[in-house]
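Engineer: Just so it is clear, I am handing over upload-v2.cif, which has mmCIF, C-alpha atoms and all ligand atoms.
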data_run
#
loop_
_atom_site.group_PDB
_atom_site.id
_atom_site.type_symbol
_atom_site.label_atom_id
_atom_site.label_comp_id
_atom_site.auth_asym_id
_atom_site.auth_seq_id
_atom_site.Cartn_x
_atom_site.Cartn_y
_atom_site.Cartn_z
ATOM 1 C CA MET A 1 -109.001 -39.877 -23.231
ATOM 2 C CA LYS A 2 -105.852 -37.788 -22.839
ATOM 3 C CA LEU A 3 -102.278 -38.632 -22.016
ATOM 4 C CA LYS A 4 -101.025 -36.643 -19.027
ATOM 5 C CA ILE A 5 -97.392 -35.555 -19.064
ATOM 6 C CA ALA A 6 -95.507 -33.916 -16.193
ATOM 7 C CA ILE A 7 -92.667 -31.552 -17.022
ATOM 8 C CA GLN A 8 -90.522 -29.227 -14.919
ATOM 9 C CA LYS A 9 -92.286 -25.969 -14.127
ATOM 10 C CA SER A 10 -89.114 -23.923 -14.301
ATOM 11 C CA GLY A 11 -85.446 -24.753 -14.240
ATOM 12 C CA ARG A 12 -82.894 -26.441 -16.399
ATOM 13 C CA LEU A 13 -85.203 -28.958 -18.064
ATOM 14 C CA HIS A 14 -88.205 -26.701 -18.703
ATOM 15 C CA ASP A 15 -87.271 -25.108 -22.018
ATOM 16 C CA ASP A 16 -85.876 -28.256 -23.607
ATOM 17 C CA SER A 17 -88.947 -30.242 -22.533
ATOM 18 C CA ILE A 18 -91.265 -27.726 -24.239
ATOM 19 C CA LYS A 19 -88.962 -27.646 -27.260
ATOM 20 C CA LEU A 20 -89.076 -31.428 -27.571
ATOM 21 C CA LEU A 21 -92.880 -31.414 -27.587
ATOM 22 C CA LYS A 22 -92.845 -28.645 -30.228
ATOM 23 C CA GLU A 23 -90.412 -30.637 -32.368
ATOM 24 C CA CYS A 24 -92.835 -33.545 -32.103
ATOM 25 C CA GLY A 25 -95.415 -31.257 -33.716
ATOM 26 C CA ILE A 26 -97.325 -30.734 -30.489
ATOM 27 C CA ASP A 27 -98.563 -27.197 -29.857
ATOM 28 C CA ILE A 28 -99.143 -26.146 -26.281
ATOM 29 C CA ASN A 29 -100.056 -22.778 -24.818
ATOM 30 C CA ASN A 30 -97.250 -22.326 -22.389
ATOM 31 C CA GLY A 31 -98.625 -19.665 -20.083
ATOM 32 C CA VAL A 32 -96.410 -18.494 -17.244
ATOM 33 C CA ASN A 33 -97.496 -19.517 -13.756
ATOM 34 C CA LYS A 34 -99.873 -22.112 -15.085
ATOM 35 C CA LEU A 35 -100.199 -25.417 -13.288
ATOM 36 C CA LYS A 36 -101.447 -27.219 -16.357
ATOM 37 C CA THR A 37 -102.316 -26.735 -19.982
ATOM 38 C CA GLU A 38 -103.547 -28.758 -22.943
ATOM 39 C CA ALA A 39 -102.078 -29.404 -26.337
ATOM 40 C CA THR A 40 -104.183 -28.044 -29.142
ATOM 41 C CA ASN A 41 -103.420 -30.753 -31.699
ATOM 42 C CA PHE A 42 -102.648 -33.913 -29.685
ATOM 43 C CA PRO A 43 -104.609 -35.513 -26.809
ATOM 44 C CA LEU A 44 -102.072 -34.374 -24.267
ATOM 45 C CA GLU A 45 -102.466 -32.612 -20.957
ATOM 46 C CA VAL A 46 -99.315 -30.973 -19.566
ATOM 47 C CA PHE A 47 -98.659 -30.548 -15.832
ATOM 48 C CA PHE A 48 -95.929 -28.163 -14.673
ATOM 49 C CA LEU A 49 -94.270 -29.459 -11.500
ATOM 50 C CA ARG A 50 -91.086 -29.362 -9.432
ATOM 51 C CA ASP A 51 -88.774 -32.004 -10.852
ATOM 52 C CA ASP A 52 -88.488 -33.716 -7.443
ATOM 53 C CA ASP A 53 -92.224 -34.416 -7.405
ATOM 54 C CA ILE A 54 -92.473 -35.898 -10.902
ATOM 55 C CA PRO A 55 -91.557 -39.566 -10.087
ATOM 56 C CA GLN A 56 -94.191 -39.693 -7.334
ATOM 57 C CA TYR A 57 -96.889 -38.255 -9.614
ATOM 58 C CA ILE A 58 -96.055 -40.884 -12.214
ATOM 59 C CA GLU A 59 -95.973 -43.755 -9.712
ATOM 60 C CA ASP A 60 -99.393 -42.670 -8.433
ATOM 61 C CA GLY A 61 -100.733 -42.389 -11.981
ATOM 62 C CA VAL A 62 -101.683 -38.728 -11.492
ATOM 63 C CA ALA A 63 -99.408 -38.181 -14.490
ATOM 64 C CA ASP A 64 -99.030 -41.002 -17.053
ATOM 65 C CA ILE A 65 -95.580 -39.940 -18.166
ATOM 66 C CA GLY A 66 -93.013 -37.283 -17.350
ATOM 67 C CA ILE A 67 -89.746 -35.700 -18.360
ATOM 68 C CA VAL A 68 -87.201 -35.698 -15.552
ATOM 69 C CA GLY A 69 -83.495 -36.225 -14.891
ATOM 70 C CA GLU A 70 -82.426 -39.840 -14.509
ATOM 71 C CA ASN A 71 -80.682 -38.682 -11.309
ATOM 72 C CA VAL A 72 -84.048 -37.735 -9.807
ATOM 73 C CA VAL A 73 -85.684 -41.009 -10.905
ATOM 74 C CA LEU A 74 -82.915 -43.014 -9.218
ATOM 75 C CA GLU A 75 -82.863 -40.922 -6.053
ATOM 76 C CA LYS A 76 -86.613 -41.023 -5.477
ATOM 77 C CA GLN A 77 -86.846 -44.816 -5.865
ATOM 78 C CA LYS A 78 -90.375 -44.695 -7.246
ATOM 79 C CA GLN A 79 -91.863 -47.407 -9.397
ATOM 80 C CA VAL A 80 -91.622 -45.910 -12.888
ATOM 81 C CA ASN A 81 -90.392 -47.150 -16.260
ATOM 82 C CA ILE A 82 -87.662 -45.244 -18.048
ATOM 83 C CA VAL A 83 -88.874 -45.518 -21.637
ATOM 84 C CA GLN A 84 -86.557 -43.173 -23.520
ATOM 85 C CA LYS A 85 -83.383 -41.159 -22.976
ATOM 86 C CA LEU A 86 -83.870 -37.666 -24.333
ATOM 87 C CA GLY A 87 -80.352 -36.361 -24.994
ATOM 88 C CA PHE A 88 -80.613 -33.097 -23.041
ATOM 89 C CA GLY A 89 -80.064 -32.114 -19.391
ATOM 90 C CA LYS A 90 -76.763 -33.960 -19.489
ATOM 91 C CA CYS A 91 -74.787 -33.822 -16.290
ATOM 92 C CA ARG A 92 -72.965 -36.052 -13.828
ATOM 93 C CA LEU A 93 -73.258 -36.588 -10.124
ATOM 94 C CA SER A 94 -69.731 -36.259 -8.788
ATOM 95 C CA MET A 95 -67.767 -36.338 -5.576
ATOM 96 C CA ALA A 96 -65.639 -33.258 -4.973
ATOM 97 C CA VAL A 97 -63.195 -32.222 -2.281
ATOM 98 C CA GLU A 98 -61.251 -29.051 -1.552
ATOM 99 C CA LYS A 99 -58.437 -28.443 -4.024
ATOM 100 C CA SER A 100 -55.783 -28.700 -1.320
ATOM 101 C CA VAL A 101 -56.888 -32.206 -0.262
ATOM 102 C CA ASP A 102 -54.689 -35.143 -1.297
ATOM 103 C CA TYR A 103 -57.084 -37.556 -2.936
ATOM 104 C CA THR A 104 -55.981 -40.777 -4.557
ATOM 105 C CA SER A 105 -58.910 -43.171 -4.393
ATOM 106 C CA VAL A 106 -62.411 -43.716 -3.133
ATOM 107 C CA LYS A 107 -60.829 -45.117 0.068
ATOM 108 C CA ASP A 108 -60.037 -41.529 0.995
ATOM 109 C CA LEU A 109 -63.753 -41.043 1.655
ATOM 110 C CA GLN A 110 -63.708 -43.570 4.519
ATOM 111 C CA ASN A 111 -65.231 -42.052 7.686
ATOM 112 C CA LYS A 112 -65.564 -38.672 6.038
ATOM 113 C CA ARG A 113 -68.603 -36.368 6.078
ATOM 114 C CA ILE A 114 -70.220 -36.025 2.679
ATOM 115 C CA ALA A 115 -72.806 -33.324 1.951
ATOM 116 C CA THR A 116 -75.305 -34.048 -0.823
ATOM 117 C CA SER A 117 -78.881 -33.690 -2.035
ATOM 118 C CA TYR A 118 -78.686 -37.291 -3.274
ATOM 119 C CA PRO A 119 -78.353 -39.446 -0.111
ATOM 120 C CA VAL A 120 -79.811 -42.599 -1.686
ATOM 121 C CA ILE A 121 -77.506 -42.635 -4.707
ATOM 122 C CA VAL A 122 -74.486 -41.704 -2.571
ATOM 123 C CA GLU A 123 -75.198 -44.423 0.006
ATOM 124 C CA ASP A 124 -75.453 -46.933 -2.809
ATOM 125 C CA PHE A 125 -72.155 -45.779 -4.311
ATOM 126 C CA LEU A 126 -70.377 -45.976 -0.944
ATOM 127 C CA GLN A 127 -71.745 -49.435 -0.281
ATOM 128 C CA GLN A 128 -70.619 -50.699 -3.668
ATOM 129 C CA ASN A 129 -67.151 -49.434 -2.869
ATOM 130 C CA GLY A 130 -67.079 -50.825 0.667
ATOM 131 C CA ILE A 131 -66.852 -47.380 2.215
ATOM 132 C CA THR A 132 -68.509 -46.143 5.389
ATOM 133 C CA ALA A 133 -69.065 -42.411 5.587
ATOM 134 C CA GLU A 134 -71.415 -39.934 7.156
ATOM 135 C CA ILE A 135 -73.937 -38.521 4.712
ATOM 136 C CA HIS A 136 -75.312 -35.049 5.402
ATOM 137 C CA GLU A 137 -78.396 -34.382 3.352
ATOM 138 C CA ILE A 138 -78.769 -30.753 2.360
ATOM 139 C CA SER A 139 -81.180 -29.423 -0.206
ATOM 140 C CA GLY A 140 -79.231 -26.630 -1.862
ATOM 141 C CA SER A 141 -75.868 -24.835 -2.141
ATOM 142 C CA VAL A 142 -74.081 -28.106 -1.474
ATOM 143 C CA GLU A 143 -70.860 -26.683 -2.892
ATOM 144 C CA ILE A 144 -70.334 -24.347 0.059
ATOM 145 C CA ALA A 145 -70.408 -27.179 2.643
ATOM 146 C CA PRO A 146 -66.633 -27.866 2.756
ATOM 147 C CA GLY A 147 -65.788 -24.145 2.990
ATOM 148 C CA ILE A 148 -67.986 -23.654 6.045
ATOM 149 C CA GLY A 149 -66.732 -26.789 7.759
ATOM 150 C CA LEU A 150 -69.935 -28.772 7.339
ATOM 151 C CA ALA A 151 -68.405 -31.569 5.281
ATOM 152 C CA ASP A 152 -65.140 -33.016 3.992
ATOM 153 C CA ALA A 153 -66.558 -33.811 0.573
ATOM 154 C CA ILE A 154 -69.656 -33.148 -1.465
ATOM 155 C CA CYS A 155 -71.572 -35.112 -4.041
ATOM 156 C CA ASP A 156 -73.400 -32.818 -6.439
ATOM 157 C CA LEU A 157 -74.519 -32.378 -10.036
ATOM 158 C CA VAL A 158 -71.853 -31.049 -12.355
ATOM 159 C CA SER A 159 -71.955 -30.076 -15.990
ATOM 160 C CA SER A 160 -69.001 -27.816 -16.796
ATOM 161 C CA GLY A 161 -67.356 -27.933 -13.388
ATOM 162 C CA SER A 162 -67.198 -24.138 -13.110
ATOM 163 C CA THR A 163 -69.315 -24.014 -9.927
ATOM 164 C CA LEU A 164 -66.952 -26.455 -8.236
ATOM 165 C CA PHE A 165 -63.957 -24.507 -9.435
ATOM 166 C CA MET A 166 -65.356 -21.194 -8.193
ATOM 167 C CA ASN A 167 -65.838 -22.760 -4.764
ATOM 168 C CA GLY A 168 -62.289 -24.072 -4.530
ATOM 169 C CA LEU A 169 -63.291 -27.685 -5.113
ATOM 170 C CA LYS A 170 -62.017 -30.416 -7.415
ATOM 171 C CA GLU A 171 -63.991 -33.283 -8.890
ATOM 172 C CA VAL A 172 -62.622 -36.668 -7.781
ATOM 173 C CA GLU A 173 -65.215 -39.355 -8.612
ATOM 174 C CA THR A 174 -68.069 -39.681 -11.082
ATOM 175 C CA VAL A 175 -70.907 -41.406 -9.269
ATOM 176 C CA LEU A 176 -73.530 -41.258 -12.023
ATOM 177 C CA LYS A 177 -73.956 -39.933 -15.553
ATOM 178 C CA SER A 178 -77.400 -38.521 -16.146
ATOM 179 C CA GLU A 179 -79.642 -36.956 -18.760
ATOM 180 C CA ALA A 180 -83.324 -36.160 -19.091
ATOM 181 C CA VAL A 181 -85.502 -39.220 -19.653
ATOM 182 C CA LEU A 182 -89.101 -39.943 -20.481
ATOM 183 C CA ALA A 183 -90.528 -41.955 -17.582
ATOM 184 C CA ALA A 184 -93.885 -43.714 -17.595
ATOM 185 C CA CYS A 185 -96.356 -45.183 -15.148
ATOM 186 C CA HIS A 186 -96.258 -48.980 -14.686
ATOM 187 C CA SER A 187 -100.001 -49.281 -15.094
ATOM 188 C CA LEU A 188 -101.003 -47.412 -18.247
ATOM 189 C CA LYS A 189 -104.397 -48.104 -19.730
ATOM 190 C CA PRO A 190 -104.312 -49.515 -23.286
ATOM 191 C CA GLU A 191 -105.495 -46.221 -24.814
ATOM 192 C CA GLN A 192 -102.803 -44.318 -22.957
ATOM 193 C CA GLN A 193 -100.192 -46.847 -24.010
ATOM 194 C CA LEU A 194 -101.240 -46.251 -27.633
ATOM 195 C CA LEU A 195 -100.855 -42.493 -27.199
ATOM 196 C CA LEU A 196 -97.473 -43.002 -25.541
ATOM 197 C CA ASP A 197 -96.368 -45.201 -28.466
ATOM 198 C CA LYS A 198 -97.423 -42.452 -30.862
ATOM 199 C CA LEU A 199 -95.493 -39.840 -28.907
ATOM 200 C CA LEU A 200 -92.452 -42.124 -28.608
ATOM 201 C CA PHE A 201 -92.478 -42.712 -32.350
ATOM 202 C CA ARG A 202 -92.300 -38.936 -32.903
ATOM 203 C CA ILE A 203 -89.604 -38.456 -30.238
ATOM 204 C CA GLN A 204 -87.488 -41.142 -31.840
ATOM 205 C CA ALA A 205 -87.911 -39.523 -35.266
ATOM 206 C CA VAL A 206 -86.849 -36.153 -33.832
ATOM 207 C CA ARG A 207 -83.822 -37.734 -32.165
ATOM 208 C CA LYS A 208 -82.788 -39.619 -35.308
ATOM 209 C CA ALA A 209 -82.990 -36.429 -37.376
ATOM 210 C CA LYS A 210 -80.481 -34.824 -34.988
ATOM 211 C CA ASN A 211 -77.869 -37.571 -35.147
HETATM 212 P P1 LIG B 301 -87.057 -27.625 -9.189
HETATM 213 O O1 LIG B 301 -87.439 -26.226 -8.861
HETATM 214 O O2 LIG B 301 -87.899 -28.190 -10.302
HETATM 215 O O3 LIG B 301 -86.966 -28.533 -7.999
HETATM 216 P P2 LIG B 301 -84.146 -27.908 -9.285
HETATM 217 O O4 LIG B 301 -83.491 -26.649 -8.816
HETATM 218 O O5 LIG B 301 -84.205 -29.091 -8.398
HETATM 219 O O6 LIG B 301 -85.601 -27.517 -9.850
HETATM 220 P P3 LIG B 301 -82.578 -27.755 -11.753
HETATM 221 O O7 LIG B 301 -81.358 -27.086 -11.247
HETATM 222 O O8 LIG B 301 -83.494 -26.980 -12.635
HETATM 223 O O9 LIG B 301 -83.438 -28.449 -10.584
HETATM 224 O O10 LIG B 301 -82.086 -29.078 -12.499
HETATM 225 C C1 LIG B 301 -82.992 -29.973 -13.057
HETATM 226 C C2 LIG B 301 -82.229 -31.131 -13.633
HETATM 227 O O11 LIG B 301 -81.364 -30.682 -14.664
HETATM 228 C C3 LIG B 301 -81.305 -31.872 -12.690
HETATM 229 O O12 LIG B 301 -81.988 -32.805 -11.850
HETATM 230 C C4 LIG B 301 -80.394 -32.592 -13.671
HETATM 231 O O13 LIG B 301 -81.021 -33.768 -14.157
HETATM 232 C C5 LIG B 301 -80.278 -31.590 -14.811
HETATM 233 N N1 LIG B 301 -78.981 -30.858 -14.877
HETATM 234 C C6 LIG B 301 -78.214 -30.725 -15.971
HETATM 235 N N2 LIG B 301 -77.090 -30.031 -15.727
HETATM 236 C C7 LIG B 301 -77.120 -29.689 -14.447
HETATM 237 C C8 LIG B 301 -76.229 -28.947 -13.603
HETATM 238 N N3 LIG B 301 -75.083 -28.445 -14.032
HETATM 239 N N4 LIG B 301 -76.600 -28.765 -12.328
HETATM 240 C C9 LIG B 301 -77.779 -29.232 -11.880
HETATM 241 N N5 LIG B 301 -78.650 -29.957 -12.643
HETATM 242 C C10 LIG B 301 -78.333 -30.196 -13.908
HETATM 243 ZN ZN ZN B 302 -85.698 -30.041 -7.764
#
Represent the structure contained in this file as structure tokens.

Structural biologist:
Amino acid sequence: MKLKIAIQKSGRLHDDSIKLLKECGIDINNGVNKLKTEATNFPLEVFFLRDDDIPQYIEDGVADIGIVGENVVLEKQKQVNIVQKLGFGKCRLSMAVEKSVDYTSVKDLQNKRIATSYPVIVEDFLQQNGITAEIHEISGSVEIAPGIGLADAICDLVSSGSTLFMNGLKEVETVLKSEAVLAACHSLKPEQQLLLDKLLFRIQAVRKAKN
């Protein structure tokens, strides 16, 4: 019996996910362009996937656990347990408008067009604030939407803010703070739960040593 973990194939979370496993004393052959690999010294199978697909794989039990941004877990609305925050991949999902726009409060978003890759989280935020707005879902390069007249505001992931700045935008609301998390399937078998507990114990030791 092996525990199956899904991690990002390439992108911002890939290296830190591999590093975390290494720090937990788990050796994996990380071949490029591989779909999956096995740890040599822990009963762990590693799947390399697009981050967007990870919550679904976990809900379906194709993967038992996975490392993914909390933002993706919330957006995808899949049935998974967040079992541990991992302290990397820190970012925020923020509203931004063009620098020249007078913005004083969330009310300024009323009836505006908002471009985002996170329609579910944005809709939730607007509802909580009693705002009605038009959400335009786009999958990439959200930050250019105001400049080309596609939207009045955007809601996108930000870490330093330099991408917003370079596109003539200013950050006006934080909608969500996010970091990478370990997510797990709701229906783990007892043996898999034991392996997860073992892994979690190591992750927590690694995280304590860093604080
Ligand atoms: P994939 O090819 O797997 O779909 P992606 O392009 O959707 O990758 P990345 O840009 O690699 O995703 O980001 C992965 C995760 O890294 C994000 O979902 C988020 O949790 C986190 N992250 C941290 N900082 C940032 C940032 N500045 N911009 C975007 N994502 C960030
Ligand atoms: Zn993605």

Engineer: For a cutoff of 10 Å around the file-coordinate point (-62.1, -41.3, 0.5), which residues qualify once you count all atoms listed in the file? I'd like the result as a ChimeraX atom specification.

Structural biologist: /A:95,97,102-114,126,131-133,152-153,172-173

Engineer: Would you pick out the contacts of A:Pro146 at 12 Å or less, using only C-alpha atoms, so that residues sharing its chain but fewer than 4 positions from it are not included, and give the list as a PDB file with C-alpha atoms, keeping the file's coordinate frame?

Structural biologist:
ATOM      1  CA  MET A  95     -67.767 -36.338  -5.576  1.00  0.00           C
ATOM      2  CA  ALA A  96     -65.639 -33.258  -4.973  1.00  0.00           C
ATOM      3  CA  VAL A  97     -63.195 -32.222  -2.281  1.00  0.00           C
ATOM      4  CA  GLU A  98     -61.251 -29.051  -1.552  1.00  0.00           C
ATOM      5  CA  LYS A  99     -58.437 -28.443  -4.024  1.00  0.00           C
ATOM      6  CA  SER A 100     -55.783 -28.700  -1.320  1.00  0.00           C
ATOM      7  CA  VAL A 101     -56.888 -32.206  -0.262  1.00  0.00           C
ATOM      8  CA  LYS A 112     -65.564 -38.672   6.038  1.00  0.00           C
ATOM      9  CA  ARG A 113     -68.603 -36.368   6.078  1.00  0.00           C
ATOM     10  CA  ILE A 114     -70.220 -36.025   2.679  1.00  0.00           C
ATOM     11  CA  ALA A 115     -72.806 -33.324   1.951  1.00  0.00           C
ATOM     12  CA  THR A 116     -75.305 -34.048  -0.823  1.00  0.00           C
ATOM     13  CA  HIS A 136     -75.312 -35.049   5.402  1.00  0.00           C
ATOM     14  CA  SER A 141     -75.868 -24.835  -2.141  1.00  0.00           C
ATOM     15  CA  VAL A 142     -74.081 -28.106  -1.474  1.00  0.00           C
ATOM     16  CA  LEU A 150     -69.935 -28.772   7.339  1.00  0.00           C
ATOM     17  CA  ALA A 151     -68.405 -31.569   5.281  1.00  0.00           C
ATOM     18  CA  ASP A 152     -65.140 -33.016   3.992  1.00  0.00           C
ATOM     19  CA  ALA A 153     -66.558 -33.811   0.573  1.00  0.00           C
ATOM     20  CA  ILE A 154     -69.656 -33.148  -1.465  1.00  0.00           C
ATOM     21  CA  CYS A 155     -71.572 -35.112  -4.041  1.00  0.00           C
ATOM     22  CA  LEU A 164     -66.952 -26.455  -8.236  1.00  0.00           C
ATOM     23  CA  ASN A 167     -65.838 -22.760  -4.764  1.00  0.00           C
ATOM     24  CA  GLY A 168     -62.289 -24.072  -4.530  1.00  0.00           C
ATOM     25  CA  LEU A 169     -63.291 -27.685  -5.113  1.00  0.00           C
ATOM     26  CA  LYS A 170     -62.017 -30.416  -7.415  1.00  0.00           C
TER      27      LYS A 170
END

Engineer: With 5 Å on each side, where is the centre of the axis-aligned box around all listed atoms of stretch 61-68 of chain A, and how long are its edges in Å to one decimal, as lines of an AutoDock Vina configuration file?

Structural biologist:
center_x = -94.4
center_y = -39.0
center_z = -14.9
size_x = 24.5
size_y = 16.7
size_z = 16.9

Engineer: Name each residue within 8 Å of ligand LIG 301 (chain B), counting all atoms listed in the file, as a PyMOL selection string.

Structural biologist: chain A and resi 8-14+49-53+68-72+88-92+156-161+178-180

Engineer: Using all atoms listed in the file, which of the listed residues (A:Leu195, A:Leu20, A:Ile28, A:Ile54) sits closest to ligand ZN 302 (chain B)?

Structural biologist: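 The answer is A:Ile54, which sits nearest to ligand ZN 302 (chain B).
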
Engineer: What's the separation between atom CA of A:Ile58 and atom CA of A:Ala209, in Å to one decimal place?

Structural biologist: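 Separation between atom CA of A:Ile58 and atom CA of A:Ala209: 28.7 Å.
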
Engineer: Which residue gives the smallest distance to ligand ZN 302 (chain B) among A:Ser94, A:Ser162, A:Gln84, A:Ser139, with all atoms listed in the file counted?

Structural biologist: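 Of A:Ser94, A:Ser162, A:Gln84, A:Ser139, the one nearest ligand ZN 302 (chain B) is A:Ser139, counting all atoms listed in the file.
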
Engineer: Apply the PyMOL selection byres (((chain A and resi 121) around 9) and not hetatm) to the structure shown and report the selected residues as a PyMOL selection string.

Structural biologist: chain A and resi 71+74-75+118-120+122-126+175-176

Engineer: Take the residues that were just selected and, keeping C-alpha atoms, output them as a compact mmCIF listing (two decimals), in the frame of the given file.

Structural biologist:
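Dumped to result.txt:
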# COMPACT_ATOMS: atom_id res chain seq x y z
CA ASN A 71 -80.68 -38.68 -11.31
CA LEU A 74 -82.92 -43.01 -9.22
CA GLU A 75 -82.86 -40.92 -6.05
CA TYR A 118 -78.69 -37.29 -3.27
CA PRO A 119 -78.35 -39.45 -0.11
CA VAL A 120 -79.81 -42.60 -1.69
CA VAL A 122 -74.49 -41.70 -2.57
CA GLU A 123 -75.20 -44.42 0.01
CA ASP A 124 -75.45 -46.93 -2.81
CA PHE A 125 -72.16 -45.78 -4.31
CA LEU A 126 -70.38 -45.98 -0.94
CA VAL A 175 -70.91 -41.41 -9.27
CA LEU A 176 -73.53 -41.26 -12.02

Engineer: Quick one: apply the PyMOL selection byres (((chain A and resi 203) around 9) and not hetatm) to the file and drop the selected residues here as an MDAnalysis selection string.

Structural biologist: chainID A and resid 20:21 23:24 84 86 198:202 204:208

Engineer: Would you be able to write out as number ranges by chain which residues have an atom within 10 Å of (-96.2, -40.0, -15.8) in the file's coordinates, counting all atoms listed in the file?

Structural biologist: A: 3-7, 47, 54-68, 80-81, 182-186, 188

Engineer: For the selection you just gave me, I'd like the residues written to a file as a PDB file, in the coordinates of the input, keeping C-alpha atoms.

Structural biologist:
ATOM      1  CA  LEU A   3    -102.278 -38.632 -22.016  1.00  0.00           C
ATOM      2  CA  LYS A   4    -101.025 -36.643 -19.027  1.00  0.00           C
ATOM      3  CA  ILE A   5     -97.392 -35.555 -19.064  1.00  0.00           C
ATOM      4  CA  ALA A   6     -95.507 -33.916 -16.193  1.00  0.00           C
ATOM      5  CA  ILE A   7     -92.667 -31.552 -17.022  1.00  0.00           C
ATOM      6  CA  PHE A  47     -98.659 -30.548 -15.832  1.00  0.00           C
ATOM      7  CA  ILE A  54     -92.473 -35.898 -10.902  1.00  0.00           C
ATOM      8  CA  PRO A  55     -91.557 -39.566 -10.087  1.00  0.00           C
ATOM      9  CA  GLN A  56     -94.191 -39.693  -7.334  1.00  0.00           C
ATOM     10  CA  TYR A  57     -96.889 -38.255  -9.614  1.00  0.00           C
ATOM     11  CA  ILE A  58     -96.055 -40.884 -12.214  1.00  0.00           C
ATOM     12  CA  GLU A  59     -95.973 -43.755  -9.712  1.00  0.00           C
ATOM     13  CA  ASP A  60     -99.393 -42.670  -8.433  1.00  0.00           C
ATOM     14  CA  GLY A  61    -100.733 -42.389 -11.981  1.00  0.00           C
ATOM     15  CA  VAL A  62    -101.683 -38.728 -11.492  1.00  0.00           C
ATOM     16  CA  ALA A  63     -99.408 -38.181 -14.490  1.00  0.00           C
ATOM     17  CA  ASP A  64     -99.030 -41.002 -17.053  1.00  0.00           C
ATOM     18  CA  ILE A  65     -95.580 -39.940 -18.166  1.00  0.00           C
ATOM     19  CA  GLY A  66     -93.013 -37.283 -17.350  1.00  0.00           C
ATOM     20  CA  ILE A  67     -89.746 -35.700 -18.360  1.00  0.00           C
ATOM     21  CA  VAL A  68     -87.201 -35.698 -15.552  1.00  0.00           C
ATOM     22  CA  VAL A  80     -91.622 -45.910 -12.888  1.00  0.00           C
ATOM     23  CA  ASN A  81     -90.392 -47.150 -16.260  1.00  0.00           C
ATOM     24  CA  LEU A 182     -89.101 -39.943 -20.481  1.00  0.00           C
ATOM     25  CA  ALA A 183     -90.528 -41.955 -17.582  1.00  0.00           C
ATOM     26  CA  ALA A 184     -93.885 -43.714 -17.595  1.00  0.00           C
ATOM     27  CA  CYS A 185     -96.356 -45.183 -15.148  1.00  0.00           C
ATOM     28  CA  HIS A 186     -96.258 -48.980 -14.686  1.00  0.00           C
ATOM     29  CA  LEU A 188    -101.003 -47.412 -18.247  1.00  0.00           C
TER      30      LEU A 188
END

Engineer: Name the closest residue to ligand ZN 302 (chain B) among the candidates A:Val46, A:Leu35, A:Val73, A:Leu194; distances are taken between atoms, counting all atoms listed in the file.

Structural biologist: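 The answer is A:Val73, which sits nearest to ligand ZN 302 (chain B).
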
Engineer: Could you check how far atom CA of A:Thr40 sits from atom CA of A:Asp27, in Å to one decimal?

Structural biologist: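 For atom CA of A:Thr40 relative to atom CA of A:Asp27, the distance reads 5.7 Å.
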